[in-house]
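Comments concern the structure below.
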Amino acid sequence: MAYSSSSLCSVCLAFFFFFFFTLLLHGSRAQLSSTFYDSSCSNVSAVVRNVVQQAQSSDVRIVASLLRLHFHDCFVNGCDGSILLDNSDSIQSEKDAAPNKNSVRGFDVVDDIKTAVENVCPGVVSCADILALAAEASVDLAGGPTWGVLLGRRDGTTANPTAANNMPSPFDDLDTLKQKFSDVGLDDTDLVALSGAHTFGRAQCRFFSSRLYNFSGTGSPDPSLDSTYLATLQQNCPQGGDDTTLNNLDLTTPNTFDNKYFTNLQSNEGLLQSDQELFSTSGASTISIVNSFAGDESTFFQSFASSMINMGNINPLTGSNGEIRSDCKKVN
């Protein structure tokens, strides 16, 4: 078929704009690299790991808390360190959002890491990258997988408490969870793998007590809860009791990063509604993924590492966007 010169120009322009917008969409991801600090701060990973390990020696919960910080950061405006910002004249902090207030923790350890990193590489490493590195170190120190953390994020200069209030929630049903993950470019395997982070850490009674007494307004407990486990949880979280009492997310190996979270789901012993939904929702695509991870820990570890990289790629600020904060709690 013969093309006129004007037709050929139109085709060329179409291809140009296609590739231009493709670069716009994916350019920031391409700039992240596991070797980003090799020449400017080559020992940053070791510095971060050392501080996390010191914190873990006196607080076994901290590794799960640091991993959670990275998750709560990335799901709000991308992985830009916005979760770390305190209230100021120009900032309404995400720390006061319902999912975070009196719940997320580890900010003091992040500050300690930042101080240690600044001592060896001043003005080089972002707080957003510190969260990513601390998450990987935390999982490794708890017995989980390692992965090459992609780096090069810069820190945001704004916070978004409204978006923080719409994060994936322990009260969400499966369809809502899948939609919230899809909205940030993550699929069902990412959802199940990242939920596996609940293989260690704790949760307050207020995040699941409705399952124990009045599930979905029925006046009865969640029927998907194992009866023996239900009785234990009711003892830990009595009606009218302290709703901040901590409970192990994984009743089997609460301080170890392993695949027991998934075998717990198979036994109807998931603590949060959002956990058990992955296995107990009839006909759900997530059931086979849970079974796969429960049956083979190495499969879970590989998927978790891949999903952490995927999550770490949510809308990072790179190049000249954002800044490198000197203090993670406030913009420069």
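Following the order of the structure tokens, chains are lettered A, B, ..., residues in each are numbered from 1, and ligands are numbered from 1.
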What are the closest atom pairs, with distances in Å to one decimal, for each residue of stretch 200-229 of chain A lying within 7 Å of stretch 255-270 of chain A, using only C-alpha atoms, rows by chain and rising residue number, as a Markdown table?
| residue | atom | partner | partner_atom | distance |
| --- | --- | --- | --- | --- |
| A:Phe200 | CA | A:Asn255 | CA | 5.0 |
| A:Gly201 | CA | A:Asn255 | CA | 6.5 |
| A:Ser224 | CA | A:Asn268 | CA | 6.1 |
| A:Leu225 | CA | A:Asn268 | CA | 5.3 |
| A:Asp226 | CA | A:Asn268 | CA | 5.1 |
| A:Tyr229 | CA | A:Glu269 | CA | 6.4 |
Please report, as a Markdown table, each residue of stretch 44-145 of chain A lying at most 12 Å from stretch 279-302 of chain A, together with the nearest pair of atoms and the separation in Å rounded to one decimal; use only C-alpha atoms, and order rows by chain and ascending residue number.
| residue | atom | partner | partner_atom | distance |
| --- | --- | --- | --- | --- |
| A:Val139 | CA | A:Phe301 | CA | 10.2 |
| A:Asp140 | CA | A:Phe301 | CA | 10.6 |
| A:Gly143 | CA | A:Phe301 | CA | 10.3 |
| A:Gly144 | CA | A:Phe301 | CA | 6.9 |
| A:Pro145 | CA | A:Phe301 | CA | 5.6 |
Write a file of the selected residues as a compact mmCIF listing (two decimals), in the first residue's frame, keeping all heavy atoms.
# COMPACT_ATOMS: atom_id res chain seq x y z
N VAL A 139 12.38 -7.12 57.14
CA VAL A 139 11.92 -8.45 56.71
C VAL A 139 13.05 -9.46 56.82
O VAL A 139 12.87 -10.58 57.32
CB VAL A 139 11.36 -8.38 55.27
CG1 VAL A 139 11.09 -9.77 54.73
CG2 VAL A 139 10.09 -7.53 55.24
N ASP A 140 14.22 -9.09 56.36
CA ASP A 140 15.38 -9.98 56.42
C ASP A 140 15.73 -10.34 57.85
O ASP A 140 15.97 -11.52 58.18
CB ASP A 140 16.57 -9.30 55.73
CG ASP A 140 17.83 -10.17 55.72
OD1 ASP A 140 17.70 -11.40 55.65
OD2 ASP A 140 18.93 -9.60 55.79
N GLY A 143 13.70 -13.03 59.42
CA GLY A 143 13.75 -14.36 58.81
C GLY A 143 13.16 -14.46 57.43
O GLY A 143 13.06 -15.55 56.87
N GLY A 144 12.77 -13.33 56.85
CA GLY A 144 12.15 -13.34 55.54
C GLY A 144 13.13 -13.16 54.41
O GLY A 144 14.34 -13.23 54.60
N PRO A 145 12.62 -12.90 53.21
CA PRO A 145 13.47 -12.80 52.03
C PRO A 145 14.21 -11.47 51.96
O PRO A 145 13.87 -10.50 52.66
CB PRO A 145 12.46 -12.90 50.87
CG PRO A 145 11.21 -12.30 51.45
CD PRO A 145 11.18 -12.73 52.89
**Study point:** A:Phe171 surroundings by only C-alpha atoms, 10 Å radius, close-in-sequence under 5 positions cut, as an NGL selection string
**Key:** :A and (176-177 or 207-208 or 210-211 or 216 or 272-275 or 277)
Could you turn the residues from that selection into a file that holds C-alpha atoms, as a PDB file, in the first residue's frame?
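See out_5.pdb below for the written result:
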ATOM      1  CA  THR A 176     -12.800  -3.185  48.009  1.00  0.00           C
ATOM      2  CA  LEU A 177      -9.273  -4.396  48.732  1.00  0.00           C
ATOM      3  CA  PHE A 207      -9.246  -3.140  64.372  1.00  0.00           C
ATOM      4  CA  PHE A 208     -11.089  -6.465  64.572  1.00  0.00           C
ATOM      5  CA  SER A 210     -16.485  -6.122  65.413  1.00  0.00           C
ATOM      6  CA  ARG A 211     -15.727  -9.628  64.118  1.00  0.00           C
ATOM      7  CA  SER A 216     -21.652  -6.657  59.771  1.00  0.00           C
ATOM      8  CA  LEU A 272      -8.329  -9.145  60.597  1.00  0.00           C
ATOM      9  CA  GLN A 273     -11.377  -9.279  58.355  1.00  0.00           C
ATOM     10  CA  SER A 274      -9.164  -8.160  55.463  1.00  0.00           C
ATOM     11  CA  ASP A 275      -6.911 -11.169  56.147  1.00  0.00           C
ATOM     12  CA  GLU A 277     -11.415 -12.420  53.253  1.00  0.00           C
TER      13      GLU A 277
END
Exercise for review: From a DSSP calculation on the backbone, collect every residue of stretch 28-270 of chain A in helix (DSSP H, G or I) and output the set as a VMD selection string.
Suggested key: chain A and resid 28 to 31 44 to 58 62 to 74 82 to 84 94 to 96 107 to 120 127 to 141 161 to 164 174 to 183 188 to 199 205 to 207 210 to 213 215 to 217 227 to 236 260 to 266
Review point. Any idea what's packed within 9 Å of stretch 128-133 of chain A, counting only C-alpha atoms, ignoring anything in its chain fewer than 4 positions away? Could you give it as an MDAnalysis selection string?
Key: chainID A and resid 44:45 48:49 66:67 69:70 73 79:82 84 110 113:114 117 137:138 149:156 308 312 316 324 328
Practice item. Would you mind reading off the distance between atom CA of A:Gly185 and atom CA of A:Asn102, one decimal, in Å? Key: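 Answer for the atom CA of A:Gly185 to atom CA of A:Asn102 separation: 28.7 Å.
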Check your understanding: So how far away is atom CA of A:Cys41 from atom CA of A:Pro122, in Å?
Key -> 9.2 Å
Check your understanding: Which of these residues is nearest to A:Thr115, using only C-alpha atoms: A:Met311, A:Leu246, A:Ala164, A:Cys127?
Key ->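 Under the stated criterion, the closest residue is A:Cys127.
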